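Worksheet: one structure, shown below.
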Amino acid sequence: MSDPLPDSNAFACNPSAMNAEQRQRHEIVARQLFQGVHEVKPSDEGYAFRWDNSQFELAAEFITRERLCCPFFTFTLSVEAGSESFMLRISGPEGVKAFIQAEFAGVLPPNTMQE
């Protein structure tokens, strides 16, 4: 049985939730995934990101690790019937939107998160 996730009500990133090898892989996956983003939509609670379906497994791998260090995020994957793309919504408690802007700025193409 795996270890339980940290308290999801705490708004703090826990970089020690991953070992060095996991962290390195997570950084590679995040860069690959977010460099290929097709659309970014802000919402009151966070952001929605759209990719083509070829990136779906990479998004699932990203979520698997990101939820360890950032348990306050809510992840929602949406795949519409017949669609060639999917959406990943990342949201959370008040203040998470600014955190996402800061956290993901290094992996997203320039000017992607402007409102």
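A note on labels: chains of the structure tokens are A, B, ... as shown, every chain counts residues from 1, and ligands are counted from 1 in their shown order.
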Long-range neighbours of segment 41-51 of chain A as a VMD selection string, 10 Å cut-off, only C-alpha atoms, 4 positions minimum in chain: chain A and resid 33 to 34 36 to 37 55 to 56 59 73 to 78 84 to 101 112 to 115
Next, write the just-selected residues to a file, as a short mmCIF file (atom, residue, chain, number, x, y, z; two decimals), in the first residue's frame, keeping N, CA and C atoms as the atom set.
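Result went into result_2.cif, see below:
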data_model
loop_
_atom_site.label_atom_id
_atom_site.label_comp_id
_atom_site.auth_asym_id
_atom_site.auth_seq_id
_atom_site.Cartn_x
_atom_site.Cartn_y
_atom_site.Cartn_z
N LEU A 33 5.70 18.54 -21.73
CA LEU A 33 4.25 18.70 -21.79
C LEU A 33 3.86 20.15 -22.06
N PHE A 34 4.36 21.07 -21.25
CA PHE A 34 3.89 22.44 -21.34
C PHE A 34 4.47 23.20 -22.54
N GLY A 36 4.40 21.99 -25.41
CA GLY A 36 3.50 21.61 -26.49
C GLY A 36 2.06 22.04 -26.30
N VAL A 37 1.80 22.88 -25.31
CA VAL A 37 0.41 23.30 -25.03
C VAL A 37 -0.14 24.11 -26.20
N GLN A 55 -0.43 13.85 -26.34
CA GLN A 55 0.22 14.25 -25.08
C GLN A 55 -0.50 13.71 -23.84
N PHE A 56 -1.54 12.93 -24.02
CA PHE A 56 -2.36 12.49 -22.90
C PHE A 56 -1.56 11.69 -21.86
N ALA A 59 0.59 13.93 -19.84
CA ALA A 59 -0.20 14.68 -18.87
C ALA A 59 -0.52 13.82 -17.65
N PHE A 73 -3.63 21.10 -5.31
CA PHE A 73 -4.17 21.23 -6.67
C PHE A 73 -5.32 20.24 -6.87
N THR A 74 -6.31 20.68 -7.63
CA THR A 74 -7.35 19.80 -8.14
C THR A 74 -7.10 19.66 -9.64
N PHE A 75 -6.97 18.43 -10.11
CA PHE A 75 -6.72 18.15 -11.52
C PHE A 75 -7.99 17.57 -12.14
N THR A 76 -8.38 18.11 -13.28
CA THR A 76 -9.54 17.60 -14.01
C THR A 76 -9.14 17.41 -15.46
N LEU A 77 -9.16 16.16 -15.93
CA LEU A 77 -8.89 15.86 -17.33
C LEU A 77 -10.22 15.73 -18.06
N SER A 78 -10.34 16.39 -19.20
CA SER A 78 -11.56 16.30 -20.01
C SER A 78 -11.21 15.90 -21.43
N GLU A 84 -9.92 15.68 -31.01
CA GLU A 84 -8.50 15.41 -31.28
C GLU A 84 -7.62 15.99 -30.17
N SER A 85 -8.27 16.55 -29.13
CA SER A 85 -7.50 17.17 -28.05
C SER A 85 -8.17 16.90 -26.70
N PHE A 86 -7.47 17.28 -25.64
CA PHE A 86 -8.01 17.15 -24.28
C PHE A 86 -7.63 18.38 -23.48
N MET A 87 -8.36 18.58 -22.39
CA MET A 87 -8.09 19.70 -21.49
C MET A 87 -7.66 19.17 -20.13
N LEU A 88 -6.72 19.85 -19.53
CA LEU A 88 -6.33 19.60 -18.15
C LEU A 88 -6.59 20.89 -17.40
N ARG A 89 -7.49 20.83 -16.42
CA ARG A 89 -7.75 21.98 -15.57
C ARG A 89 -7.00 21.78 -14.26
N ILE A 90 -6.28 22.82 -13.87
CA ILE A 90 -5.58 22.81 -12.58
C ILE A 90 -6.17 23.95 -11.77
N SER A 91 -6.72 23.62 -10.63
CA SER A 91 -7.36 24.62 -9.79
C SER A 91 -7.04 24.30 -8.33
N GLY A 92 -7.57 25.11 -7.44
CA GLY A 92 -7.33 24.89 -6.03
C GLY A 92 -7.91 26.00 -5.19
N PRO A 93 -7.44 26.12 -3.97
CA PRO A 93 -7.97 27.13 -3.05
C PRO A 93 -7.59 28.55 -3.49
N GLU A 94 -8.18 29.51 -2.83
CA GLU A 94 -7.89 30.91 -3.12
C GLU A 94 -6.38 31.14 -3.10
N GLY A 95 -5.88 31.84 -4.10
CA GLY A 95 -4.46 32.14 -4.20
C GLY A 95 -3.70 31.19 -5.10
N VAL A 96 -4.32 30.08 -5.49
CA VAL A 96 -3.61 29.09 -6.29
C VAL A 96 -3.32 29.58 -7.70
N LYS A 97 -4.16 30.46 -8.22
CA LYS A 97 -3.95 30.96 -9.57
C LYS A 97 -2.60 31.69 -9.69
N ALA A 98 -2.28 32.54 -8.74
CA ALA A 98 -0.99 33.23 -8.74
C ALA A 98 0.15 32.23 -8.58
N PHE A 99 -0.07 31.20 -7.77
CA PHE A 99 0.94 30.16 -7.58
C PHE A 99 1.20 29.44 -8.90
N ILE A 100 0.14 29.10 -9.63
CA ILE A 100 0.29 28.43 -10.92
C ILE A 100 1.06 29.32 -11.89
N GLN A 101 0.74 30.60 -11.92
CA GLN A 101 1.45 31.53 -12.80
C GLN A 101 2.95 31.51 -12.52
N THR A 112 2.21 32.97 -22.47
CA THR A 112 1.12 32.01 -22.58
C THR A 112 0.02 32.28 -21.55
N MET A 113 0.38 32.76 -20.38
CA MET A 113 -0.58 32.89 -19.30
C MET A 113 -1.10 34.31 -19.10
N GLN A 114 -0.92 35.14 -20.07
CA GLN A 114 -1.43 36.50 -19.95
C GLN A 114 -2.94 36.51 -20.11
N GLU A 115 -3.60 37.33 -19.31
CA GLU A 115 -5.07 37.40 -19.38
C GLU A 115 -5.51 38.58 -20.20
#
Members of chain A assigned strand (DSSP E or B) by DSSP, as a PyMOL selection string: chain A and resi 39-42+46-52+74-78+85-91
Once you have the residues from the selection above, write them out as a PDB file, in the first residue's frame, restricted to N, CA and C atoms.
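Saved the output as again_37.pdb:
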ATOM      1  N   GLU A  39      -3.369  25.679 -25.995  1.00  0.00           N
ATOM      2  CA  GLU A  39      -4.259  26.742 -25.501  1.00  0.00           C
ATOM      3  C   GLU A  39      -4.190  26.792 -23.987  1.00  0.00           C
ATOM      4  N   VAL A  40      -4.264  28.008 -23.452  1.00  0.00           N
ATOM      5  CA  VAL A  40      -4.324  28.217 -22.004  1.00  0.00           C
ATOM      6  C   VAL A  40      -5.502  29.138 -21.732  1.00  0.00           C
ATOM      7  N   LYS A  41      -6.406  28.690 -20.863  1.00  0.00           N
ATOM      8  CA  LYS A  41      -7.584  29.489 -20.510  1.00  0.00           C
ATOM      9  C   LYS A  41      -7.589  29.748 -19.013  1.00  0.00           C
ATOM     10  N   PRO A  42      -7.541  31.005 -18.612  1.00  0.00           N
ATOM     11  CA  PRO A  42      -7.646  31.297 -17.183  1.00  0.00           C
ATOM     12  C   PRO A  42      -9.087  31.159 -16.709  1.00  0.00           C
ATOM     13  N   GLY A  46      -8.157  28.893 -11.399  1.00  0.00           N
ATOM     14  CA  GLY A  46      -6.874  28.388 -11.896  1.00  0.00           C
ATOM     15  C   GLY A  46      -6.767  28.533 -13.396  1.00  0.00           C
ATOM     16  N   TYR A  47      -6.322  27.453 -14.066  1.00  0.00           N
ATOM     17  CA  TYR A  47      -6.117  27.486 -15.512  1.00  0.00           C
ATOM     18  C   TYR A  47      -6.550  26.171 -16.132  1.00  0.00           C
ATOM     19  N   ALA A  48      -6.924  26.250 -17.416  1.00  0.00           N
ATOM     20  CA  ALA A  48      -7.190  25.068 -18.222  1.00  0.00           C
ATOM     21  C   ALA A  48      -6.199  25.079 -19.377  1.00  0.00           C
ATOM     22  N   PHE A  49      -5.606  23.940 -19.639  1.00  0.00           N
ATOM     23  CA  PHE A  49      -4.600  23.784 -20.685  1.00  0.00           C
ATOM     24  C   PHE A  49      -5.112  22.767 -21.702  1.00  0.00           C
ATOM     25  N   ARG A  50      -4.898  23.036 -22.996  1.00  0.00           N
ATOM     26  CA  ARG A  50      -5.336  22.113 -24.049  1.00  0.00           C
ATOM     27  C   ARG A  50      -4.124  21.605 -24.836  1.00  0.00           C
ATOM     28  N   TRP A  51      -4.126  20.287 -25.056  1.00  0.00           N
ATOM     29  CA  TRP A  51      -3.111  19.628 -25.884  1.00  0.00           C
ATOM     30  C   TRP A  51      -3.798  18.706 -26.878  1.00  0.00           C
ATOM     31  N   ASP A  52      -3.032  18.279 -27.906  1.00  0.00           N
ATOM     32  CA  ASP A  52      -3.581  17.234 -28.767  1.00  0.00           C
ATOM     33  C   ASP A  52      -3.444  15.902 -28.031  1.00  0.00           C
ATOM     34  N   THR A  74      -6.306  20.679  -7.633  1.00  0.00           N
ATOM     35  CA  THR A  74      -7.350  19.797  -8.144  1.00  0.00           C
ATOM     36  C   THR A  74      -7.102  19.659  -9.635  1.00  0.00           C
ATOM     37  N   PHE A  75      -6.971  18.434 -10.109  1.00  0.00           N
ATOM     38  CA  PHE A  75      -6.723  18.155 -11.520  1.00  0.00           C
ATOM     39  C   PHE A  75      -7.987  17.571 -12.137  1.00  0.00           C
ATOM     40  N   THR A  76      -8.379  18.110 -13.283  1.00  0.00           N
ATOM     41  CA  THR A  76      -9.536  17.596 -14.008  1.00  0.00           C
ATOM     42  C   THR A  76      -9.139  17.409 -15.465  1.00  0.00           C
ATOM     43  N   LEU A  77      -9.163  16.163 -15.927  1.00  0.00           N
ATOM     44  CA  LEU A  77      -8.895  15.857 -17.333  1.00  0.00           C
ATOM     45  C   LEU A  77     -10.224  15.728 -18.061  1.00  0.00           C
ATOM     46  N   SER A  78     -10.344  16.387 -19.204  1.00  0.00           N
ATOM     47  CA  SER A  78     -11.563  16.305 -20.008  1.00  0.00           C
ATOM     48  C   SER A  78     -11.209  15.897 -21.432  1.00  0.00           C
ATOM     49  N   SER A  85      -8.265  16.546 -29.129  1.00  0.00           N
ATOM     50  CA  SER A  85      -7.503  17.173 -28.050  1.00  0.00           C
ATOM     51  C   SER A  85      -8.167  16.901 -26.703  1.00  0.00           C
ATOM     52  N   PHE A  86      -7.471  17.281 -25.637  1.00  0.00           N
ATOM     53  CA  PHE A  86      -8.007  17.151 -24.283  1.00  0.00           C
ATOM     54  C   PHE A  86      -7.634  18.383 -23.485  1.00  0.00           C
ATOM     55  N   MET A  87      -8.362  18.585 -22.386  1.00  0.00           N
ATOM     56  CA  MET A  87      -8.094  19.704 -21.485  1.00  0.00           C
ATOM     57  C   MET A  87      -7.665  19.169 -20.126  1.00  0.00           C
ATOM     58  N   LEU A  88      -6.717  19.846 -19.528  1.00  0.00           N
ATOM     59  CA  LEU A  88      -6.325  19.603 -18.147  1.00  0.00           C
ATOM     60  C   LEU A  88      -6.587  20.891 -17.395  1.00  0.00           C
ATOM     61  N   ARG A  89      -7.487  20.829 -16.418  1.00  0.00           N
ATOM     62  CA  ARG A  89      -7.752  21.981 -15.568  1.00  0.00           C
ATOM     63  C   ARG A  89      -7.002  21.779 -14.260  1.00  0.00           C
ATOM     64  N   ILE A  90      -6.276  22.820 -13.868  1.00  0.00           N
ATOM     65  CA  ILE A  90      -5.582  22.811 -12.584  1.00  0.00           C
ATOM     66  C   ILE A  90      -6.166  23.954 -11.774  1.00  0.00           C
ATOM     67  N   SER A  91      -6.715  23.623 -10.632  1.00  0.00           N
ATOM     68  CA  SER A  91      -7.356  24.619  -9.785  1.00  0.00           C
ATOM     69  C   SER A  91      -7.041  24.300  -8.333  1.00  0.00           C
TER      70      SER A  91
END
In chain A, DSSP alpha helix (DSSP H) residues written as JSON, numbers by chain: {"A": [20, 21, 22, 23, 24, 25, 26, 27, 28, 29, 30, 31, 32, 33, 34, 35, 56, 57, 58, 59, 60, 61, 62, 63, 64, 65, 66, 67, 68, 69, 96, 97, 98, 99, 100, 101, 102, 103, 104]}
Residues as selected, N, CA and C atoms, written as a tab-separated table (two decimals), in the first residue's frame, can you do that?
chain	number	residue	atom	x	y	z
A	20	ALA	N	15.26	12.48	-5.73
A	20	ALA	CA	15.98	13.21	-6.78
A	20	ALA	C	15.66	12.67	-8.18
A	21	GLU	N	15.57	11.37	-8.32
A	21	GLU	CA	15.27	10.77	-9.61
A	21	GLU	C	13.85	11.13	-10.08
A	22	GLN	N	12.90	11.06	-9.15
A	22	GLN	CA	11.52	11.43	-9.48
A	22	GLN	C	11.43	12.91	-9.85
A	23	ARG	N	12.11	13.75	-9.09
A	23	ARG	CA	12.09	15.20	-9.34
A	23	ARG	C	12.66	15.50	-10.73
A	24	GLN	N	13.79	14.85	-11.06
A	24	GLN	CA	14.41	15.07	-12.37
A	24	GLN	C	13.46	14.66	-13.50
A	25	ARG	N	12.84	13.49	-13.37
A	25	ARG	CA	11.89	13.04	-14.39
A	25	ARG	C	10.69	13.99	-14.47
A	26	HIS	N	10.22	14.45	-13.32
A	26	HIS	CA	9.08	15.36	-13.29
A	26	HIS	C	9.39	16.66	-14.03
A	27	GLU	N	10.57	17.19	-13.84
A	27	GLU	CA	10.96	18.42	-14.53
A	27	GLU	C	11.03	18.22	-16.04
A	28	ILE	N	11.54	17.08	-16.48
A	28	ILE	CA	11.60	16.76	-17.91
A	28	ILE	C	10.19	16.66	-18.49
A	29	VAL	N	9.33	15.92	-17.81
A	29	VAL	CA	7.95	15.73	-18.27
A	29	VAL	C	7.22	17.07	-18.32
A	30	ALA	N	7.37	17.89	-17.30
A	30	ALA	CA	6.69	19.20	-17.28
A	30	ALA	C	7.13	20.06	-18.45
A	31	ARG	N	8.44	20.11	-18.71
A	31	ARG	CA	8.94	20.90	-19.85
A	31	ARG	C	8.37	20.38	-21.17
A	32	GLN	N	8.45	19.07	-21.37
A	32	GLN	CA	7.94	18.48	-22.61
A	32	GLN	C	6.45	18.76	-22.78
A	33	LEU	N	5.70	18.54	-21.73
A	33	LEU	CA	4.25	18.70	-21.79
A	33	LEU	C	3.86	20.15	-22.06
A	34	PHE	N	4.36	21.07	-21.25
A	34	PHE	CA	3.89	22.44	-21.34
A	34	PHE	C	4.47	23.20	-22.54
A	35	GLN	N	5.58	22.76	-23.09
A	35	GLN	CA	6.08	23.39	-24.32
A	35	GLN	C	5.16	23.07	-25.50
A	56	PHE	N	-1.54	12.93	-24.02
A	56	PHE	CA	-2.36	12.49	-22.90
A	56	PHE	C	-1.56	11.69	-21.86
A	57	GLU	N	-0.77	10.73	-22.29
A	57	GLU	CA	0.00	9.93	-21.33
A	57	GLU	C	1.01	10.78	-20.58
A	58	LEU	N	1.60	11.76	-21.26
A	58	LEU	CA	2.54	12.66	-20.60
A	58	LEU	C	1.81	13.49	-19.54
A	59	ALA	N	0.59	13.93	-19.84
A	59	ALA	CA	-0.20	14.68	-18.87
A	59	ALA	C	-0.52	13.82	-17.65
A	60	ALA	N	-0.86	12.56	-17.87
A	60	ALA	CA	-1.14	11.65	-16.75
A	60	ALA	C	0.11	11.45	-15.90
A	61	GLU	N	1.26	11.32	-16.53
A	61	GLU	CA	2.51	11.18	-15.78
A	61	GLU	C	2.80	12.45	-14.98
A	62	PHE	N	2.56	13.60	-15.58
A	62	PHE	CA	2.75	14.87	-14.88
A	62	PHE	C	1.87	14.95	-13.64
A	63	ILE	N	0.59	14.63	-13.79
A	63	ILE	CA	-0.36	14.69	-12.67
A	63	ILE	C	0.07	13.75	-11.55
A	64	THR	N	0.51	12.55	-11.91
A	64	THR	CA	0.92	11.56	-10.92
A	64	THR	C	1.96	12.09	-9.96
A	65	ARG	N	2.93	12.84	-10.48
A	65	ARG	CA	3.99	13.37	-9.61
A	65	ARG	C	3.63	14.72	-9.02
A	66	GLU	N	2.97	15.56	-9.79
A	66	GLU	CA	2.65	16.91	-9.31
A	66	GLU	C	1.76	16.86	-8.08
A	67	ARG	N	0.87	15.90	-8.02
A	67	ARG	CA	-0.05	15.80	-6.87
A	67	ARG	C	0.69	15.40	-5.59
A	68	LEU	N	1.88	14.82	-5.73
A	68	LEU	CA	2.67	14.49	-4.55
A	68	LEU	C	3.22	15.74	-3.89
A	69	CYS	N	3.79	16.64	-4.69
A	69	CYS	CA	4.42	17.83	-4.11
A	69	CYS	C	3.43	18.98	-3.93
A	96	VAL	N	-4.32	30.08	-5.49
A	96	VAL	CA	-3.61	29.09	-6.29
A	96	VAL	C	-3.32	29.58	-7.70
A	97	LYS	N	-4.16	30.46	-8.22
A	97	LYS	CA	-3.95	30.96	-9.57
A	97	LYS	C	-2.60	31.69	-9.69
A	98	ALA	N	-2.28	32.54	-8.74
A	98	ALA	CA	-0.99	33.23	-8.74
A	98	ALA	C	0.15	32.23	-8.58
A	99	PHE	N	-0.07	31.20	-7.77
A	99	PHE	CA	0.94	30.16	-7.58
A	99	PHE	C	1.20	29.44	-8.90
A	100	ILE	N	0.14	29.10	-9.63
A	100	ILE	CA	0.29	28.43	-10.92
A	100	ILE	C	1.06	29.32	-11.89
A	101	GLN	N	0.74	30.60	-11.92
A	101	GLN	CA	1.45	31.53	-12.80
A	101	GLN	C	2.95	31.51	-12.52
A	102	ALA	N	3.31	31.56	-11.25
A	102	ALA	CA	4.72	31.56	-10.87
A	102	ALA	C	5.38	30.20	-11.11
A	103	GLU	N	4.69	29.14	-10.72
A	103	GLU	CA	5.24	27.78	-10.79
A	103	GLU	C	5.46	27.31	-12.22
A	104	PHE	N	4.55	27.64	-13.12
A	104	PHE	CA	4.59	27.12	-14.48
A	104	PHE	C	5.23	28.07	-15.48
Among listed residues A:Gly82, A:Pro110, A:Cys13, A:Ala105, nearest Cys70 of chain A (using only C-alpha atoms):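 Among the listed residues, the smallest separation from Cys70 of chain A belongs to A:Cys13.
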Atom pair atom CA of Gly106 of chain A / atom CA of Asn53 of chain A: separation (Å):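 Taking atom CA of Gly106 of chain A as the start and atom CA of Asn53 of chain A as the end point, the length is 23.2 Å.
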